[in-house]
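What's in query-v1.cif: mmCIF, C-alpha atoms
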data_data
#
loop_
_atom_site.label_atom_id
_atom_site.label_comp_id
_atom_site.auth_asym_id
_atom_site.auth_seq_id
_atom_site.Cartn_x
_atom_site.Cartn_y
_atom_site.Cartn_z
CA MET J 108 134.36 106.00 101.91
CA ALA J 109 133.73 102.42 102.97
CA GLU J 110 135.69 101.02 105.88
CA LYS J 111 137.45 97.69 105.68
CA ARG J 112 138.83 95.47 108.42
CA ALA J 113 141.31 92.61 108.14
CA ILE J 114 140.53 89.26 109.81
CA LEU J 115 143.23 87.14 111.41
CA THR J 116 142.60 83.95 113.38
CA LYS J 117 145.06 81.38 114.65
CA ASN J 118 142.45 78.69 113.91
CA ALA J 119 143.27 78.90 110.19
CA PRO J 120 146.62 78.95 108.40
CA PRO J 121 148.27 82.39 108.56
CA PRO J 122 148.49 84.54 105.46
CA LEU J 123 151.86 85.34 103.94
CA PRO J 124 153.02 88.49 105.76
CA GLY J 125 152.57 91.71 103.83
CA ILE J 126 150.86 90.02 100.86
CA TYR J 127 147.22 89.34 101.79
CA SER J 128 144.74 88.97 104.67
CA GLN J 129 142.84 85.80 105.62
CA ALA J 130 139.71 87.85 104.98
CA ILE J 131 138.46 91.40 104.69
CA VAL J 132 135.20 92.65 106.17
CA ALA J 133 133.66 95.51 104.20
CA ASN J 134 130.14 96.83 103.55
CA GLY J 135 128.42 93.98 105.39
CA PHE J 136 130.35 91.20 103.66
CA VAL J 137 133.29 88.93 104.47
CA TYR J 138 135.68 88.28 101.57
CA CYS J 139 137.75 85.19 102.37
CA SER J 140 141.06 84.59 100.66
CA GLY J 141 141.67 81.21 99.11
CA CYS J 142 142.29 78.44 101.62
CA VAL J 143 144.42 75.41 100.86
CA PRO J 144 144.23 72.16 102.88
CA MET J 145 146.81 73.27 105.44
CA ASP J 146 146.65 72.50 109.14
CA ALA J 147 146.83 75.78 111.09
CA GLN J 148 148.88 74.30 113.93
CA THR J 149 151.51 72.43 111.90
CA GLY J 150 151.65 74.64 108.81
CA LYS J 151 151.66 71.45 106.71
CA ILE J 152 149.25 70.23 104.07
CA VAL J 153 147.09 67.53 105.69
CA ASP J 154 147.67 63.97 104.56
CA GLY J 155 144.94 62.48 102.44
CA ASP J 156 143.07 62.61 99.18
CA ILE J 157 140.92 65.26 97.52
CA ALA J 158 138.00 64.47 99.87
CA LEU J 159 140.05 65.14 103.01
CA HIS J 160 141.68 68.15 101.37
CA THR J 161 138.29 69.63 100.45
CA GLU J 162 137.10 69.16 104.01
CA GLN J 163 140.22 70.88 105.40
CA CYS J 164 139.78 73.84 103.04
CA ILE J 165 136.17 74.23 104.20
CA LYS J 166 137.21 73.95 107.87
CA ASN J 167 139.77 76.72 107.34
CA VAL J 168 137.20 78.96 105.61
CA THR J 169 134.72 78.26 108.41
CA HIS J 170 137.19 79.36 111.11
CA ILE J 171 137.90 82.57 109.22
CA LEU J 172 134.19 83.31 108.74
CA GLU J 173 133.55 82.76 112.44
CA ALA J 174 136.43 85.06 113.39
CA ALA J 175 134.81 87.71 111.20
CA GLY J 176 131.43 87.27 112.91
CA SER J 177 129.80 85.33 110.10
CA HIS J 178 128.98 81.66 109.47
CA ILE J 179 129.30 79.14 106.65
CA ASP J 180 125.51 79.22 106.18
CA LYS J 181 125.83 82.90 105.24
CA VAL J 182 128.14 82.24 102.28
CA VAL J 183 126.74 83.66 99.02
CA LYS J 184 129.58 82.89 96.57
CA VAL J 185 132.26 80.20 96.43
CA ASN J 186 135.16 79.74 94.04
CA VAL J 187 136.78 76.30 93.93
CA PHE J 188 140.09 75.75 92.17
CA LEU J 189 141.13 72.20 91.32
CA SER J 190 144.47 71.06 89.94
CA ASN J 191 142.69 68.16 88.22
CA MET J 192 139.08 68.28 87.02
CA GLU J 193 138.92 64.50 87.45
CA ASP J 194 138.59 65.31 91.19
CA PHE J 195 135.34 67.24 90.55
CA ALA J 196 132.90 64.50 91.65
CA THR J 197 134.86 63.57 94.77
CA MET J 198 135.25 67.22 95.77
CA ASN J 199 131.49 67.70 95.30
CA SER J 200 130.70 64.69 97.48
CA VAL J 201 132.30 66.54 100.41
CA TYR J 202 131.34 70.08 99.33
CA THR J 203 127.59 69.29 99.34
CA LEU J 204 127.73 68.40 103.06
CA TYR J 205 128.40 72.05 103.90
CA TRP J 206 126.98 75.53 103.15
CA GLY J 207 123.43 74.95 104.50
CA ASP J 208 120.20 74.21 102.65
CA VAL J 209 120.51 77.07 100.18
CA LYS J 210 123.82 76.47 98.44
CA PRO J 211 125.81 79.55 97.43
CA ALA J 212 126.53 80.54 93.86
CA ARG J 213 129.73 78.78 92.78
CA THR J 214 132.45 78.66 90.20
CA CYS J 215 134.75 75.64 89.89
CA VAL J 216 137.70 75.72 87.55
CA ALA J 217 140.76 73.61 86.88
CA VAL J 218 144.07 75.43 87.09
CA LYS J 219 147.58 74.45 86.10
CA THR J 220 149.02 74.59 89.62
CA LEU J 221 148.02 75.72 93.10
CA PRO J 222 150.14 76.95 96.01
CA LEU J 223 152.27 74.23 97.58
CA ASN J 224 151.19 71.91 94.75
CA CYS J 225 147.81 71.40 96.42
CA ASP J 226 144.93 69.74 94.62
CA VAL J 227 142.22 72.17 95.82
CA GLU J 228 141.81 75.77 97.01
CA ILE J 229 138.55 77.37 98.12
CA GLU J 230 137.60 81.03 98.59
CA CYS J 231 134.24 82.60 99.38
CA VAL J 232 132.17 85.68 100.11
CA ALA J 233 129.66 85.73 102.99
CA ILE J 234 127.16 88.09 104.55
CA LEU J 235 128.01 89.29 108.05
#
Now, as a test, write the supplied structure out as structure tokens.
Amino acid sequence: MAEKRAILTKNAPPPLPGIYSQAIVANGFVYCSGCVPMDAQTGKIVDGDIALHTEQCIKNVTHILEAAGSHIDKVVKVNVFLSNMEDFATMNSVYTLYWGDVKPARTCVAVKTLPLNCDVEIECVAIL
């Protein structure tokens, strides 16, 4: 049976207790839960537009990956959730600055609502 290990870092917003982990390491992969544009220290959504929110989501994911012993360049799959598909181009303008030269596979969908009425949430899977 495969072992799994939960990841918890204070450099990213904490998960809701008893509901989910920031990430799970299993079978050589890191499975990151969705990250919203929340500041880990204040527990508040950062001020700004979709560009700043996208950047904060990626920063949170990056901290979680590093706590797991991985890196953003090792991401193989990303899921992006937007509350408004009109934000797609602006989100992409920030998104393309990250993830290394070989971009991961990705899905981007619009959803009715996101936690805390955010405009973006990002989750990913990376190699250890």
* **Non-local contacts of J:Ile229 (8 Å; all atoms listed in the file; under 5 positions in same chain excluded) as an MDAnalysis selection string** => chainID J and resid 141:143 164:165 168 185:188
* To do: Convert the output of the PyMOL selection byres ((chain J and resi 119) around 9) on the shown file into explicit residues, formatted as a ChimeraX atom specification.
  => /J:115-118,120-121,129,142,145-148,166-171
* **Two-atom distance - atom CA of J:Thr161, atom CA of J:Ala174 (Å)** =>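 So the two atoms, atom CA of J:Thr161 and atom CA of J:Ala174, lie 20.2 Å apart.
Applied to the file shown here, the PyMOL selection byres ((chain J and resi 180) around 6) selects the residues His178, Ile179, Lys181, Val182, Trp206 and Gly207 of chain J.
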* To do: Tell me which of J:Cys231, J:Cys215, J:Leu123, J:Ala175 sits closest to J:Ser140, counting all atoms listed in the file.
  => J:Cys231
Give me, as a PDB file with C-alpha atoms, in the frame of the given file, all polymer residues having an atom no more than 12 Å from J:Gly155, counting all atoms listed in the file and skipping those fewer than 5 positions away in the same chain.
ATOM      1  CA  PRO J 144     144.230  72.160 102.880  1.00  0.00           C
ATOM      2  CA  MET J 145     146.810  73.270 105.440  1.00  0.00           C
ATOM      3  CA  HIS J 160     141.680  68.150 101.370  1.00  0.00           C
ATOM      4  CA  THR J 161     138.290  69.630 100.450  1.00  0.00           C
ATOM      5  CA  GLU J 162     137.100  69.160 104.010  1.00  0.00           C
ATOM      6  CA  GLN J 163     140.220  70.880 105.400  1.00  0.00           C
ATOM      7  CA  CYS J 225     147.810  71.400  96.420  1.00  0.00           C
ATOM      8  CA  ASP J 226     144.930  69.740  94.620  1.00  0.00           C
TER       9      ASP J 226
END
Residues within 9 Å of (128.8, 95.8, 103.2), counting all atoms listed in the file, listed as a PDB file with C-alpha atoms, keeping the file's coordinate frame:
ATOM      1  CA  ALA J 109     133.730 102.420 102.970  1.00  0.00           C
ATOM      2  CA  VAL J 132     135.200  92.650 106.170  1.00  0.00           C
ATOM      3  CA  ALA J 133     133.660  95.510 104.200  1.00  0.00           C
ATOM      4  CA  ASN J 134     130.140  96.830 103.550  1.00  0.00           C
ATOM      5  CA  GLY J 135     128.420  93.980 105.390  1.00  0.00           C
ATOM      6  CA  PHE J 136     130.350  91.200 103.660  1.00  0.00           C
ATOM      7  CA  VAL J 137     133.290  88.930 104.470  1.00  0.00           C
ATOM      8  CA  ILE J 234     127.160  88.090 104.550  1.00  0.00           C
ATOM      9  CA  LEU J 235     128.010  89.290 108.050  1.00  0.00           C
TER      10      LEU J 235
END
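Here the question is which of J:Asp156, J:Glu230, J:Ile114, J:Leu172 gets nearest to J:Arg213 using only C-alpha atoms, and that residue is J:Glu230.
Take atom CA of J:Leu159 and atom CA of J:Val201: the distance between them is 8.3 Å.
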* Asked: Could you work out how far atom CA of J:Cys139 lies from atom CA of J:Val232, giving the answer in Å with one decimal?
  ->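 Separating atom CA of J:Val232 from atom CA of J:Cys139 is a distance of 6.0 Å.
With distances restricted to only C-alpha atoms, J:Val183 is the closest residue to J:Val209 from J:Ala233, J:Ala158, J:Ile126, J:Val183.
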